[in-house]
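See structure below.
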Amino acid sequence: MPDEDFLGESLRKIAKGAGIAFTGTFIGTALGYLSRMIIARFLGASDYGLISLGFAVMNIAATLSLVGFNTGIQRFVSFYKGKGDEGRIKGTIFGALKICFPLSLIFTLLIFFYAGWISIHIFHSPGLTPVLRIFTIGVPFWVLASIFIYVIVGFQEIKYHVYTWFIFKDTFKLVAIVTFLALGCGVIGASVGWVLAIIGMPVLAFYFLEKKVFPILNTKVKAVSVDRELFFFSFPLIFAGLAGLITSWTDTLMLGYFCTPPEVGIYNVAAPTAKLMGIVLSAFGIIFMPVATELYARNREGDLRNAYSSVTKWIFAIVLPGFLLMALFSTPIIKIMFGAEYEEGAMALSILAFSYFVSALVGLASSLLTTYGRTKIVMGCGFVGAGSNVLFNFFLIPIYGINGAAIATGSSVVLMSSLYLFFVYRIAKMQPFRLSYAKPLFASLIAVSVGYALTKYVIGVSL
C-alpha cells in the first residue's frame, strides 16, 4: 500500500521542482521566442531560414555527441543518490566526460571543414556556409553544459538547471542578438550572438555543480567506475536519441532540401510556437524522472503509480487551454507575433499544436520506461516514430509543402507517444487517466468557448 506521507512528500517535491522549472522555462522560452521574433522580423524569412538550419545542424551534432548519456547520467545519478553511493555518482560524471567531449570535438571539426559541401549539396544554399561554421563552434560547449546540467537534475536541484539553461542562456542570447543586429551585422551577427550564449553555459553550470550541488573536484570522494553499466544502459538510448533527432529535425531539413529558405523560415515560426505545448511537460518531466527513479529504487511502486496519475492530470489541466487557444487563433497568433509574411504557416501551427498536446499529455510514459530500465523499448518506439517521420515527410512535403511537413511530423509524434503509453501499461500495468480529468476538461472547454465567442463577435482579435 502507498505510504501517504511519502507519496505526499514526493508529490510536493515534484510540484516544487516543476514550479521552479515552469517559471524558468516560461521566462527562458519567452526570451528565446522573442529572439526568434526579432530575427524573423529584422532579417526576413530567408535569413531566418538559414539560422534555423544552422541551429538544427548544431543540435543534431550535439545530441549525437552525447550518445544517449544525457538520460543515462540523470538516471544513474538519481539512482545512486537513492543508494547513498557518492563514488559511483562521481564515476558516472567522469565516464560521461571521457566519451562525450572528444566526440563533440570530432563532430565540430567535421562540420566546420565540410560546411561548404553541406550547404551547397544538401541545402542548395551557399549562404548557409558561414552560419553553419559559426553554429558548429557551439557543439562542445553545448555537450559540456548538458552533462553538468543532467548531473544537477539527477540531484533534483532544478533551480540551477533553470538559472543556466533558461535565464542565463536566453537572456544573454537576446541581448547579444539585438546588439549585433543594431550594429548592422545581419545574419552573421545573429548567429554569433546565439553561439556566444551557448559558450557561457558550461562555465555557469560547472560553477553550480561544484559549489552548490556535488563537488567533483573533491579528492575525498574516490570515483568508482560505472563506465560499463552506464554504456550498456545508455547504448540503446544512442539510437533513441538518433530517432528523436530524426523526428525533431527531419521536417526542417527536408524542407531545406525540397523547398526554399523562406519556406523553412515560415515553418520555423509555426513549429517552435506549437512546441510551446511542451513547456509544461518539460517542467514536470525534468523533476519527475529522478523522483520516479528514487521511488523505484526504494520499491515504492504504489506511490509511483499515484504520482504518475497526479502529475499527468496537472499537465492536462495546464496544457489543454493553451492548445485550444493555439488551434482556434493560429492565424492571428502568427500575424501578431511575426508579421503577415509568415501567415502561410497558420495551418501548420494548428496541426502541430494538436500533436504536441498529445505528446505533452502522455510524455511521462517514456520517463517511466527509462525508470524501469526498458531503454530498448524506448529505442524501438523512437525508431518507429523516426521511420514514419522520414517516410511521411518524404512523400508529403513535395505535394503539400509546409502543411505536408506539419502533417508528417504531427502524425509521427502522436504515433510514438501512443506506443510509449501502450508499453508502460503492458510492463507496469499503469495508465494515468481517471474520471477526475473531466473537471479540467469541461472547465477549459467552457472558458475557451466564451473567450472565442467574445473575440469573434464582440471585441475582436488582438494581442
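Convention: chains lettered A, B, ... in C-alpha cells order; per-chain residue numbering from 1; ligands numbered from 1 as shown.
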Original post:
Excluding same-chain residues fewer than 2 positions from Ala408 in chain A, what lies within 9 Å of it counting only C-alpha atoms, as a PyMOL selection string?
Top reply: chain A and resi 251+388-397+403-406+410-413
Next, dump the selected residues to file, keeping only C-alpha atoms, as a PDB file, in the first residue's frame.
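Full text of part_4.pdb as output:
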ATOM      1  CA  ASP A 251      10.790  18.387 -41.298  1.00  0.00           C
ATOM      2  CA  SER A 388       7.357   7.125 -40.039  1.00  0.00           C
ATOM      3  CA  ASN A 389       8.526  10.730 -39.831  1.00  0.00           C
ATOM      4  CA  VAL A 390      11.041  10.301 -42.641  1.00  0.00           C
ATOM      5  CA  LEU A 391       8.576   8.453 -44.880  1.00  0.00           C
ATOM      6  CA  PHE A 392       5.703  10.866 -44.267  1.00  0.00           C
ATOM      7  CA  ASN A 393       7.878  13.939 -44.828  1.00  0.00           C
ATOM      8  CA  PHE A 394       9.440  12.447 -47.971  1.00  0.00           C
ATOM      9  CA  PHE A 395       6.056  11.858 -49.570  1.00  0.00           C
ATOM     10  CA  LEU A 396       4.067  14.811 -48.217  1.00  0.00           C
ATOM     11  CA  ILE A 397       6.477  17.767 -48.450  1.00  0.00           C
ATOM     12  CA  ASN A 403       1.464  21.732 -44.332  1.00  0.00           C
ATOM     13  CA  GLY A 404       2.784  18.374 -45.519  1.00  0.00           C
ATOM     14  CA  ALA A 405       5.719  18.710 -43.118  1.00  0.00           C
ATOM     15  CA  ALA A 406       3.307  19.518 -40.279  1.00  0.00           C
ATOM     16  CA  GLY A 410       2.463  15.572 -36.162  1.00  0.00           C
ATOM     17  CA  SER A 411       1.429  12.043 -37.140  1.00  0.00           C
ATOM     18  CA  SER A 412       4.778  10.534 -36.164  1.00  0.00           C
ATOM     19  CA  VAL A 413       4.800  12.351 -32.796  1.00  0.00           C
TER      20      VAL A 413
END
Subject >> Spatial neighbours of Ser282 in chain A, max dist 12 Å, only C-alpha atoms, sep filter under 6 positions, as a list in words >> reply: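 Surrounding residues, per the criterion: Gly17, Ala18, Gly19, Ile20, Ala21, Phe22, Thr23, Gly24, Thr25, Phe26, Thr29, Ile158, His161, Val162, Lys275, Leu276, Phe288, Met289, Ile315, Val319, Tyr356, Ser359, Ala360, Leu361, Gly363, Leu364 and Ser367 of chain A.
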Subject >> Exercise: range 108-123 of chain A partners within 12 Å, only C-alpha atoms, chain neighbours under 4 positions left out, as a PyMOL selection string >> reply: chain A and resi 49-50+53-54+57-62+64-65+101-104+127-143+252-261+264
Export of prior selection with C-alpha atoms as a PDB file, in the first residue's frame:
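Below is the file result_38.pdb, written as the result:
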ATOM      1  CA  GLY A  49      15.610  30.028 -42.524  1.00  0.00           C
ATOM      2  CA  LEU A  50      19.426  29.928 -42.697  1.00  0.00           C
ATOM      3  CA  LEU A  53      19.131  25.286 -40.454  1.00  0.00           C
ATOM      4  CA  GLY A  54      22.385  26.228 -38.687  1.00  0.00           C
ATOM      5  CA  VAL A  57      22.710  21.016 -37.571  1.00  0.00           C
ATOM      6  CA  MET A  58      24.382  22.122 -34.321  1.00  0.00           C
ATOM      7  CA  ASN A  59      21.649  20.500 -32.246  1.00  0.00           C
ATOM      8  CA  ILE A  60      21.978  17.244 -34.188  1.00  0.00           C
ATOM      9  CA  ALA A  61      25.765  17.166 -33.740  1.00  0.00           C
ATOM     10  CA  ALA A  62      25.491  17.863 -30.009  1.00  0.00           C
ATOM     11  CA  LEU A  64      24.925  12.610 -31.395  1.00  0.00           C
ATOM     12  CA  SER A  65      27.953  13.555 -29.284  1.00  0.00           C
ATOM     13  CA  PHE A 101      33.513  15.585 -25.017  1.00  0.00           C
ATOM     14  CA  PRO A 102      36.009  14.035 -27.507  1.00  0.00           C
ATOM     15  CA  LEU A 103      33.092  13.059 -29.751  1.00  0.00           C
ATOM     16  CA  SER A 104      31.843  16.658 -29.719  1.00  0.00           C
ATOM     17  CA  GLY A 127      24.913  31.496 -47.922  1.00  0.00           C
ATOM     18  CA  LEU A 128      24.472  28.863 -45.222  1.00  0.00           C
ATOM     19  CA  THR A 129      28.232  28.082 -45.088  1.00  0.00           C
ATOM     20  CA  PRO A 130      29.379  30.840 -42.655  1.00  0.00           C
ATOM     21  CA  VAL A 131      26.266  30.366 -40.496  1.00  0.00           C
ATOM     22  CA  LEU A 132      26.966  26.633 -40.253  1.00  0.00           C
ATOM     23  CA  ARG A 133      30.607  27.218 -39.261  1.00  0.00           C
ATOM     24  CA  ILE A 134      29.607  29.643 -36.530  1.00  0.00           C
ATOM     25  CA  PHE A 135      26.976  27.324 -35.038  1.00  0.00           C
ATOM     26  CA  THR A 136      29.236  24.264 -35.075  1.00  0.00           C
ATOM     27  CA  ILE A 137      31.628  26.029 -32.679  1.00  0.00           C
ATOM     28  CA  GLY A 138      28.903  25.748 -30.052  1.00  0.00           C
ATOM     29  CA  VAL A 139      28.741  21.917 -30.172  1.00  0.00           C
ATOM     30  CA  PRO A 140      31.378  21.042 -27.477  1.00  0.00           C
ATOM     31  CA  PHE A 141      30.091  23.789 -25.182  1.00  0.00           C
ATOM     32  CA  TRP A 142      26.515  22.513 -25.547  1.00  0.00           C
ATOM     33  CA  VAL A 143      27.700  18.983 -24.700  1.00  0.00           C
ATOM     34  CA  THR A 252      13.186  21.353 -41.242  1.00  0.00           C
ATOM     35  CA  LEU A 253      15.987  19.539 -43.085  1.00  0.00           C
ATOM     36  CA  MET A 254      13.693  18.091 -45.771  1.00  0.00           C
ATOM     37  CA  LEU A 255      12.052  21.473 -46.267  1.00  0.00           C
ATOM     38  CA  GLY A 256      15.570  22.823 -46.740  1.00  0.00           C
ATOM     39  CA  TYR A 257      16.192  20.140 -49.386  1.00  0.00           C
ATOM     40  CA  PHE A 258      12.860  20.226 -51.245  1.00  0.00           C
ATOM     41  CA  CYS A 259      11.862  23.878 -50.727  1.00  0.00           C
ATOM     42  CA  THR A 260      13.444  27.311 -50.253  1.00  0.00           C
ATOM     43  CA  PRO A 261      14.940  29.136 -47.214  1.00  0.00           C
ATOM     44  CA  VAL A 264      11.965  26.939 -43.959  1.00  0.00           C
TER      45      VAL A 264
END
Subject >> 8 Å contact set for Ile351 in chain A, only C-alpha atoms, chain neighbours under 2 positions out, as a list in words >> reply: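 Those residues are Ala327, Met347, Ala348, Leu349, Ala353, Phe354, Ser355, Ala406, Ile407 and Gly410 of chain A.
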Store the residues of this selection in a file with all heavy atoms, as an mmCIF file, in the first residue's frame.
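In the end it all went to out_16.cif:
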data_model
loop_
_atom_site.group_PDB
_atom_site.id
_atom_site.type_symbol
_atom_site.label_atom_id
_atom_site.label_comp_id
_atom_site.auth_asym_id
_atom_site.auth_seq_id
_atom_site.Cartn_x
_atom_site.Cartn_y
_atom_site.Cartn_z
ATOM 1 N N ALA A 327 -5.017 26.441 -31.398
ATOM 2 C CA ALA A 327 -5.705 25.861 -32.556
ATOM 3 C C ALA A 327 -6.730 26.825 -33.137
ATOM 4 O O ALA A 327 -6.877 26.937 -34.359
ATOM 5 C CB ALA A 327 -6.377 24.552 -32.148
ATOM 6 N N MET A 347 -1.949 27.069 -40.723
ATOM 7 C CA MET A 347 -2.484 25.712 -40.719
ATOM 8 C C MET A 347 -1.485 24.732 -40.118
ATOM 9 O O MET A 347 -1.848 23.830 -39.346
ATOM 10 C CB MET A 347 -2.833 25.283 -42.151
ATOM 11 C CG MET A 347 -3.382 23.852 -42.256
ATOM 12 S SD MET A 347 -4.884 23.604 -41.271
ATOM 13 C CE MET A 347 -6.046 24.550 -42.273
ATOM 14 N N ALA A 348 -0.213 24.907 -40.441
ATOM 15 C CA ALA A 348 0.823 24.047 -39.856
ATOM 16 C C ALA A 348 0.848 24.188 -38.339
ATOM 17 O O ALA A 348 1.037 23.202 -37.609
ATOM 18 C CB ALA A 348 2.185 24.402 -40.450
ATOM 19 N N LEU A 349 0.639 25.413 -37.849
ATOM 20 C CA LEU A 349 0.612 25.640 -36.412
ATOM 21 C C LEU A 349 -0.516 24.859 -35.750
ATOM 22 O O LEU A 349 -0.318 24.204 -34.714
ATOM 23 C CB LEU A 349 0.462 27.134 -36.122
ATOM 24 C CG LEU A 349 0.259 27.530 -34.652
ATOM 25 C CD1 LEU A 349 1.408 27.020 -33.783
ATOM 26 C CD2 LEU A 349 0.129 29.043 -34.529
ATOM 27 N N ALA A 353 0.159 21.888 -33.154
ATOM 28 C CA ALA A 353 -0.306 22.119 -31.789
ATOM 29 C C ALA A 353 -1.033 20.894 -31.248
ATOM 30 O O ALA A 353 -0.854 20.507 -30.087
ATOM 31 C CB ALA A 353 -1.218 23.341 -31.741
ATOM 32 N N PHE A 354 -1.856 20.255 -32.073
ATOM 33 C CA PHE A 354 -2.559 19.047 -31.637
ATOM 34 C C PHE A 354 -1.582 17.924 -31.302
ATOM 35 O O PHE A 354 -1.712 17.250 -30.271
ATOM 36 C CB PHE A 354 -3.537 18.573 -32.714
ATOM 37 C CG PHE A 354 -4.167 17.247 -32.380
ATOM 38 C CD1 PHE A 354 -5.153 17.153 -31.410
ATOM 39 C CD2 PHE A 354 -3.746 16.089 -33.022
ATOM 40 C CE1 PHE A 354 -5.720 15.923 -31.086
ATOM 41 C CE2 PHE A 354 -4.306 14.859 -32.710
ATOM 42 C CZ PHE A 354 -5.298 14.777 -31.739
ATOM 43 N N SER A 355 -0.589 17.721 -32.159
ATOM 44 C CA SER A 355 0.347 16.617 -31.926
ATOM 45 C C SER A 355 1.172 16.840 -30.658
ATOM 46 O O SER A 355 1.406 15.904 -29.881
ATOM 47 C CB SER A 355 1.271 16.445 -33.132
ATOM 48 O OG SER A 355 2.114 17.554 -33.306
ATOM 49 N N ALA A 406 4.034 19.505 -41.551
ATOM 50 C CA ALA A 406 3.307 19.518 -40.279
ATOM 51 C C ALA A 406 2.510 18.231 -40.083
ATOM 52 O O ALA A 406 2.508 17.649 -38.990
ATOM 53 C CB ALA A 406 2.378 20.730 -40.218
ATOM 54 N N ILE A 407 1.826 17.773 -41.124
ATOM 55 C CA ILE A 407 1.053 16.522 -41.030
ATOM 56 C C ILE A 407 1.985 15.354 -40.743
ATOM 57 O O ILE A 407 1.701 14.493 -39.898
ATOM 58 C CB ILE A 407 0.256 16.280 -42.326
ATOM 59 C CG1 ILE A 407 -0.818 17.350 -42.508
ATOM 60 C CG2 ILE A 407 -0.389 14.897 -42.307
ATOM 61 C CD1 ILE A 407 -1.459 17.343 -43.882
ATOM 62 N N GLY A 410 3.518 15.748 -37.162
ATOM 63 C CA GLY A 410 2.463 15.572 -36.162
ATOM 64 C C GLY A 410 2.026 14.125 -36.040
ATOM 65 O O GLY A 410 1.854 13.600 -34.933
#
Original post:
Looking at A:Asp227, A:Glu157, A:Asp47, A:Glu344, which one is nearest to Gly401 in chain A, with distances taken over only C-alpha atoms?
Top reply: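 Of A:Asp227, A:Glu157, A:Asp47, A:Glu344, the one nearest Gly401 in chain A is A:Glu344, counting only C-alpha atoms.
Comparing the minimum interatomic distances between Asn268 in chain A and each of A:Leu324, A:Ile399, A:Val280, A:Ala346, counting only C-alpha atoms, we find that A:Ala346 sits nearest.
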Original post:
Please, which residues of range 177-335 of chain A, numbered as in this document, come out alpha helix (DSSP H) from DSSP, as a PyMOL selection string?
Top reply: chain A and resi 177-182+186-208+227-258+261-274+278-297+301-328+330-335
Original post:
Contacts of Ile93 in chain A at 10 Å or less, counting only C-alpha atoms, minus same-chain residues fewer than 4 places along, as a PyMOL selection string?
Top reply: chain A and resi 69+73+76-77+88-89+97-98+147-148+150-151+216+223+225-227
